[in-house]
Amino acid sequence: MKILVADKISPKGVEYLRKQPGFEVIEAYGSSPEKVLELVKDVHAIAVRSETKITREVFAAAPLLKVVGRAGVGVDNVDVEAATEHGVVVMNTPSGNTIATAELTFTHILCGSRPVAQAAASMREGKWDRKSFSGVELFQKTLGIVGLGRIGGEVAKRAIAFGMRVLAYDPYLAPSRAKAMQVEIATLDEILAQADYITVHMPLTDDTKYMIDEAAFEKCKKGLRIFNCARGGIIKETALLAALKSGKVAAAGLDVYEDEPLAKDSEFRQLPNVVLTPHLGASTKEAQESVGIEIAEQIADVLGGGVIRNAVNMPSIDAAALKTLGPYLDLGSKLGTLVQQISPKQIASLRITYWGKIVELDANSITRAVQRGFLRNISGEQVNFVNAPVLLKRLGIQADVTKSNTDSGYSELMAVEAVAADGKTYSAQGTLIGKGNQPRIVGINGREVEIAAVGKLLVIENEDLPGMVGTIGTLLAKDKVNIADMSLSRLTPGGIAYMLVRVDTEPGPAARDEIKGNPLVKSAKFVQL
Ligand SMILES: NC(=O)c1ccc[n+]([C@@H]2O[C@H](COP(=O)([O-])OP(=O)(O)OC[C@H]3O[C@@H](n4cnc5c(N)ncnc54)[C@H](O)[C@@H]3O)[C@@H](O)[C@H]2O)c1
Ligand SMILES: O=C(O)[C@H](O)COP(=O)(O)O
């Protein structure tokens, strides 16, 4: 397995990868986009920080690629949509650099209050100027934190320790978490109106881009101090420049920029009340070691077929969760593949319903297992947990999931239903039984059956007349096919019956034709689970 380390990560992380049996590590930092395309031709994994861009072209040029590991938080440099389409897991290390970034943010907040950087520069010039560098205190000032996640939360703790009043705006945050952190939940407008200091800690998304723009600065107090150690573009740079020049903003501290590296002639570099750092949030010895080792371990786990942690384009399943979910993933996959093999080639939607204990579990992973199972014979090796929803969408198949609280008669039940364009449905239901959580099929096309969801199955729809079981048994025996198990179902005596026959070997084409050709057989499908 070949791993490309495209940005400089901790040597301990690289060492960990090198030590894995069968791993070959290539370190190539600062490569041009053309060089990256060349390097990825035969790699199975790429490790990056925020510099190397893993574009759609890179995914197209890397047929063996399984995982992109980001030693850090933001995956802005990775085209996650293209990764998902190519079935590549993108993972990050979400908490390894939280403290480092919170501490840098707080350093900026302090430097925005006391002009330490400017005073140090004047000392370097040989001056002794005690008049120009007077500051303000943090004590009893109001800090507005926009985005109270991992880093925002750590900044809040430090601000409280400095005696600040902390307001926070985070529309996704549970009020109980804010309460536990001793911060006051506020609207963005309340923060803009009341804050002496504002710091932003969200990802850059369509919602957060230019969240602090000219109109926002209008609402702020004169003399605001503002900081961005999250992502360039959350604060609109042209609006900030204008606010700094007009005096509306007294000081700013920036670690991230709309375009990185920041242009040499950026006006920010000229303003005396701005402190700039070149995206250093995560640049501490501790944080780099932590994220470097973490991403190396995560990459090795994925390539070794182990657990997938911190994936941003699929639900993460850790070892403990996998132990619980494993049997359900297996059942889901089996039902998905069964339904695909008993339905017409083109279907309009794939519906999944969960009842009982399954409702409490990580339905997202189980749903992907069903979808992957359904697509197994359509998309082959190309389909995996990551891209199954995308591939379904591309086929024009609508995916619906329902968690039901009605009584299904089972302690846990899963139903998979393919709906054809004409509205006809093809379905299978399954549950787990026994100590070993064995997957069982308990329903097919609306009939109750009971058979192990494993191996090779004949699904036969026939007229319910005496001698049918014997006829099918004889035809299979003629082809030397041994029957392992069988389940029969009918709605009314003499009506249309279902026969599920589990066989040890696949019946040959002649035996299958003979079964299908029997005048009492309405349909017969051979299914491999
Ligand atoms: N400067 C650096 O070197 C550096 C280092 C690490 C992280 N970061 C960046 O810092 C940011 C925060 O990282 P984190 O680990 O705290 O992430 P996180 O996911 O823990 O927190 C982000 C928070 O933002 C909130 N949020 C999302 N949309 C929002 C909106 N529209 N308004 C208000 N809040 C919103 C979320 O609910 C969440 O609580 C990320 O952009 C990350 O890339 C920068
Ligand atoms: O998102 C992050 O983790 C930070 O922006 C750090 O980026 P870096 O690894 O390039 O320093």
# chains A, B, ... in the order shown; residues from 1 in each chain; ligands from 1
>>> residues_near_ligand(ligand="ligand 1", cutoff="9 Å", atoms="only C-alpha atoms and all ligand atoms", output="MDAnalysis selection string")
chainID A and resid 50 72:76 94:102 104:105 145:154 168:173 188 200:209 211 228:232 254:256 278:283
>>> residues_around(residues="stretch 359-371 of chain A", least_positions_apart="5", cutoff="6 Å", atoms="only C-alpha atoms", output="PyMOL selection string")
chain A and resi 329+332-333+336+354+385+388+403
>>> write_last_selection(atoms="N, CA and C atoms", output="compact mmCIF listing (two decimals), in the first residue's frame")
# COMPACT_ATOMS: atom_id res chain seq x y z
N LEU A 329 -25.78 -4.23 10.09
CA LEU A 329 -25.20 -3.86 8.80
C LEU A 329 -25.26 -5.06 7.86
N GLY A 332 -28.91 -5.60 6.87
CA GLY A 332 -29.31 -4.56 5.92
C GLY A 332 -28.74 -4.83 4.54
N SER A 333 -27.48 -5.20 4.52
CA SER A 333 -26.82 -5.47 3.24
C SER A 333 -27.50 -6.65 2.52
N GLY A 336 -30.93 -5.60 1.23
CA GLY A 336 -30.76 -4.72 0.06
C GLY A 336 -30.47 -5.53 -1.18
N TYR A 354 -37.53 0.99 9.66
CA TYR A 354 -36.97 0.34 10.85
C TYR A 354 -38.02 0.33 11.96
N PHE A 385 -19.61 2.25 1.41
CA PHE A 385 -20.41 3.00 2.38
C PHE A 385 -20.43 4.50 2.08
N ALA A 388 -22.55 5.12 -1.67
CA ALA A 388 -23.82 4.47 -1.97
C ALA A 388 -24.98 5.48 -2.16
N LYS A 403 -38.46 5.62 10.41
CA LYS A 403 -38.31 4.93 11.70
C LYS A 403 -39.71 4.84 12.27
>>> residues_around(residues="A:Glu38", least_positions_apart="6", cutoff="10 Å", atoms="only C-alpha atoms", output="count of residues only")
4
>>> residues_around(residues="A:Ala119", least_positions_apart="6", cutoff="10 Å", atoms="only C-alpha atoms", output="CSV table (one decimal) with N, CA and C atoms, in the first residue's frame")
chain,number,residue,atom,x,y,z
A,125,GLU,N,13.4,48.4,16.9
A,125,GLU,CA,14.0,49.5,16.2
A,125,GLU,C,14.9,50.4,17.1
A,127,LYS,N,13.9,51.9,19.9
A,127,LYS,CA,13.2,53.0,20.6
A,127,LYS,C,12.8,52.6,22.1
A,128,TRP,N,12.5,53.6,22.8
A,128,TRP,CA,11.9,53.4,24.2
A,128,TRP,C,10.7,54.3,24.3
A,129,ASP,N,9.6,53.8,23.7
A,129,ASP,CA,8.4,54.6,23.5
A,129,ASP,C,7.3,54.1,24.5
A,130,ARG,N,7.0,54.9,25.5
A,130,ARG,CA,6.1,54.4,26.5
A,130,ARG,C,4.7,55.1,26.3
A,132,SER,N,3.0,55.5,23.1
A,132,SER,CA,2.2,55.0,22.0
A,132,SER,C,1.5,53.7,22.2
A,133,PHE,N,1.8,53.0,23.2
A,133,PHE,CA,1.3,51.6,23.3
A,133,PHE,C,0.4,51.3,24.5
A,134,SER,N,-0.4,52.2,24.8
A,134,SER,CA,-1.3,52.0,25.9
A,134,SER,C,-2.4,51.1,25.4
>>> residues_around(residues="stretch 412-422 of chain A", least_positions_apart="5", cutoff="10 Å", atoms="only C-alpha atoms", output="ChimeraX atom specification")
/A:328,331-332,335-340,342-359,366-367,370-371,374,397-404,407,427-433,441-445
>>> write_last_selection(atoms="C-alpha atoms", output="CSV table (one decimal), in the first residue's frame")
chain,number,residue,atom,x,y,z
A,328,TYR,CA,-27.6,-5.0,11.5
A,331,LEU,CA,-28.8,-7.9,7.7
A,332,GLY,CA,-29.3,-4.6,5.9
A,335,LEU,CA,-32.0,-7.4,2.5
A,336,GLY,CA,-30.8,-4.7,0.1
A,337,THR,CA,-29.2,-7.3,-2.2
A,338,LEU,CA,-32.2,-9.6,-2.0
A,339,VAL,CA,-34.6,-6.9,-3.0
A,340,GLN,CA,-32.5,-5.8,-5.9
A,342,ILE,CA,-36.2,-9.8,-7.0
A,343,SER,CA,-37.2,-6.4,-8.5
A,344,PRO,CA,-37.1,-5.0,-12.1
A,345,LYS,CA,-33.9,-3.4,-13.3
A,346,GLN,CA,-35.4,0.1,-13.1
A,347,ILE,CA,-36.9,1.3,-9.9
A,348,ALA,CA,-38.1,4.7,-8.8
A,349,SER,CA,-37.4,4.5,-5.1
A,350,LEU,CA,-35.9,2.5,-2.4
A,351,ARG,CA,-37.7,2.6,0.9
A,352,ILE,CA,-36.3,1.4,4.2
A,353,THR,CA,-38.3,1.1,7.4
A,354,TYR,CA,-37.0,0.3,10.8
A,355,TRP,CA,-39.0,-0.9,13.8
A,356,GLY,CA,-38.1,-1.7,17.4
A,357,LYS,CA,-34.6,-1.7,18.8
A,358,ILE,CA,-33.1,-0.7,15.4
A,359,VAL,CA,-34.8,2.7,15.7
A,366,ILE,CA,-27.5,0.7,8.5
A,367,THR,CA,-29.2,2.7,5.7
A,370,VAL,CA,-28.8,-1.5,2.7
A,371,GLN,CA,-28.1,0.9,-0.2
A,374,PHE,CA,-28.8,-3.0,-3.2
A,397,ILE,CA,-33.6,6.3,-7.3
A,398,GLN,CA,-35.1,8.2,-4.4
A,399,ALA,CA,-34.0,7.0,-1.0
A,400,ASP,CA,-36.6,7.1,1.8
A,401,VAL,CA,-36.0,6.1,5.4
A,402,THR,CA,-38.7,5.7,8.0
A,403,LYS,CA,-38.3,4.9,11.7
A,404,SER,CA,-41.6,3.5,12.9
A,407,ASP,CA,-45.7,-2.7,16.8
A,427,SER,CA,-39.9,-6.1,-0.7
A,428,ALA,CA,-38.1,-8.1,2.0
A,429,GLN,CA,-38.3,-8.0,5.7
A,430,GLY,CA,-35.7,-9.2,8.1
A,431,THR,CA,-34.7,-9.5,11.8
A,432,LEU,CA,-32.0,-11.0,13.9
A,433,ILE,CA,-32.5,-14.1,16.0
A,441,ILE,CA,-35.7,-13.2,6.3
A,442,VAL,CA,-39.2,-13.0,7.7
A,443,GLY,CA,-41.1,-11.5,4.8
A,444,ILE,CA,-40.9,-11.4,1.1
A,445,ASN,CA,-43.3,-9.4,-1.2
>>> closest_residue(among="A:Gln298, A:Asn92, A:Asn384, A:Ser113", to="ligand 2", atoms="only C-alpha atoms and all ligand atoms")
A:Asn92
>>> closest_residue(among="A:Val88, A:Ala477, A:Ile295, A:Ala186", to="ligand 2", atoms="only C-alpha atoms and all ligand atoms")
A:Ile295
>>> atom_distance(atom1="atom CA of A:Ala45", atom2="atom CA of A:Tyr257")
28.5 Å
>>> select_by_dssp(residues="stretch 334-474 of chain A", states="helix (DSSP H, G or I)", output="ChimeraX atom specification")
/A:334-342,357-360,363-382,388-394,468-474
>>> write_last_selection(atoms="C-alpha atoms", output="compact mmCIF listing (two decimals), in the first residue's frame")
# COMPACT_ATOMS: atom_id res chain seq x y z
CA LYS A 334 -28.48 -8.88 2.72
CA LEU A 335 -31.99 -7.42 2.47
CA GLY A 336 -30.76 -4.72 0.06
CA THR A 337 -29.16 -7.25 -2.24
CA LEU A 338 -32.15 -9.61 -2.01
CA VAL A 339 -34.62 -6.88 -2.97
CA GLN A 340 -32.48 -5.77 -5.89
CA GLN A 341 -32.44 -9.31 -7.25
CA ILE A 342 -36.22 -9.77 -7.04
CA LYS A 357 -34.57 -1.69 18.80
CA ILE A 358 -33.06 -0.65 15.44
CA VAL A 359 -34.77 2.73 15.72
CA GLU A 360 -32.43 3.61 18.60
CA ALA A 363 -29.73 4.28 11.26
CA ASN A 364 -27.48 6.27 8.92
CA SER A 365 -24.88 3.49 8.81
CA ILE A 366 -27.49 0.73 8.48
CA THR A 367 -29.19 2.65 5.67
CA ARG A 368 -25.89 2.88 3.80
CA ALA A 369 -25.40 -0.86 4.28
CA VAL A 370 -28.83 -1.52 2.71
CA GLN A 371 -28.09 0.86 -0.16
CA ARG A 372 -24.67 -0.66 -0.75
CA GLY A 373 -26.21 -4.14 -0.73
CA PHE A 374 -28.83 -3.00 -3.23
CA LEU A 375 -26.17 -1.53 -5.54
CA ARG A 376 -23.73 -4.43 -5.24
CA ASN A 377 -24.84 -6.10 -8.45
CA ILE A 378 -25.35 -2.80 -10.25
CA SER A 379 -22.20 -0.89 -9.41
CA GLY A 380 -19.92 -3.76 -8.38
CA GLU A 381 -16.70 -2.96 -6.58
CA GLN A 382 -17.24 0.73 -7.15
CA ALA A 388 -23.82 4.47 -1.97
CA PRO A 389 -26.26 7.41 -1.46
CA VAL A 390 -24.64 9.36 -4.31
CA LEU A 391 -24.74 6.41 -6.71
CA LEU A 392 -28.43 5.80 -5.91
CA LYS A 393 -29.18 9.46 -6.61
CA ARG A 394 -27.27 9.28 -9.86
CA MET A 468 -45.13 -28.58 -5.95
CA VAL A 469 -42.47 -29.09 -3.28
CA GLY A 470 -41.76 -32.56 -4.67
CA THR A 471 -41.55 -31.23 -8.26
CA ILE A 472 -39.02 -28.52 -7.35
CA GLY A 473 -37.06 -30.96 -5.14
CA THR A 474 -36.86 -33.49 -7.98
>>> residues_around(residues="stretch 89-91 of chain A", least_positions_apart="2", cutoff="12 Å", atoms="only C-alpha atoms", output="number ranges by chain")
A: 44-49, 54, 59, 65-87, 93-94, 291, 294-299, 301-303, 307-316, 384-387
>>> write_last_selection(atoms="C-alpha atoms", output="tab-separated table (two decimals), in the first residue's frame")
chain	number	residue	atom	x	y	z
A	44	HIS	CA	-3.98	4.19	-1.64
A	45	ALA	CA	-3.96	7.08	0.82
A	46	ILE	CA	-3.01	10.75	0.95
A	47	ALA	CA	-2.20	12.67	4.13
A	48	VAL	CA	-2.54	16.45	4.01
A	49	ARG	CA	-2.77	19.58	6.13
A	54	ILE	CA	-7.08	17.48	-3.40
A	59	PHE	CA	-9.55	11.82	-7.47
A	65	LEU	CA	-7.23	5.86	-3.61
A	66	LYS	CA	-9.22	4.78	-0.54
A	67	VAL	CA	-8.69	7.55	1.97
A	68	VAL	CA	-7.64	11.18	2.32
A	69	GLY	CA	-6.54	12.00	5.85
A	70	ARG	CA	-6.42	15.62	7.00
A	71	ALA	CA	-4.11	16.22	9.96
A	72	GLY	CA	-6.29	19.01	11.31
A	73	VAL	CA	-9.89	20.16	11.22
A	74	GLY	CA	-10.84	22.05	8.05
A	75	VAL	CA	-11.20	20.01	4.87
A	76	ASP	CA	-11.67	23.07	2.65
A	77	ASN	CA	-8.70	21.96	0.53
A	78	VAL	CA	-10.34	18.61	-0.26
A	79	ASP	CA	-13.18	18.29	-2.79
A	80	VAL	CA	-15.31	16.16	-0.48
A	81	GLU	CA	-18.13	15.83	-3.02
A	82	ALA	CA	-15.73	14.38	-5.61
A	83	ALA	CA	-14.23	12.10	-2.94
A	84	THR	CA	-17.67	10.79	-2.07
A	85	GLU	CA	-18.50	10.13	-5.71
A	86	HIS	CA	-15.26	8.17	-6.04
A	87	GLY	CA	-15.97	6.24	-2.86
A	93	THR	CA	-8.69	14.92	13.33
A	94	PRO	CA	-11.28	17.22	14.81
A	291	VAL	CA	-2.99	15.37	14.78
A	294	GLU	CA	-3.94	10.51	14.99
A	295	ILE	CA	-4.27	10.81	11.22
A	296	ALA	CA	-1.57	8.19	10.65
A	297	GLU	CA	-3.43	5.75	12.91
A	298	GLN	CA	-6.74	6.51	11.23
A	299	ILE	CA	-5.28	5.99	7.75
A	301	ASP	CA	-6.99	1.55	10.25
A	302	VAL	CA	-8.87	2.25	7.02
A	303	LEU	CA	-6.26	0.59	4.81
A	307	VAL	CA	-12.65	0.96	11.94
A	308	ILE	CA	-13.30	4.26	10.22
A	309	ARG	CA	-13.03	7.19	12.58
A	310	ASN	CA	-13.72	10.88	12.02
A	311	ALA	CA	-14.86	10.44	8.44
A	312	VAL	CA	-16.49	13.62	7.16
A	313	ASN	CA	-18.32	11.95	4.27
A	314	MET	CA	-19.75	8.91	6.00
A	315	PRO	CA	-20.91	8.00	9.47
A	316	SER	CA	-17.96	7.13	11.65
A	384	ASN	CA	-19.05	1.42	-0.79
A	385	PHE	CA	-20.41	3.00	2.38
A	386	VAL	CA	-19.23	6.42	1.26
A	387	ASN	CA	-20.72	6.70	-2.19
>>> closest_residue(among="A:Leu64, A:Ala117, A:Ile9, A:Cys111", to="ligand 2", atoms="only C-alpha atoms and all ligand atoms")
A:Ile9
>>> select_by_dssp(residues="stretch 127-254 of chain A", states="strand (DSSP E)", output="ChimeraX atom specification")
/A:142-146,165-169,184-185,197-200,224-228,249-254
>>> residues_around(residues="A:Arg502", least_positions_apart="2", cutoff="7 Å", atoms="only C-alpha atoms", output="ChimeraX atom specification")
/A:456-458,483-486,500,504
>>> closest_residue(among="A:Lys245, A:Lys522, A:Lys12, A:Arg447", to="A:Asn273", atoms="only C-alpha atoms")
A:Lys245
>>> atom_distance(atom1="atom CA of A:Leu167", atom2="atom 3 (O, counted along the ligand's line) of ligand 2")
24.5 Å
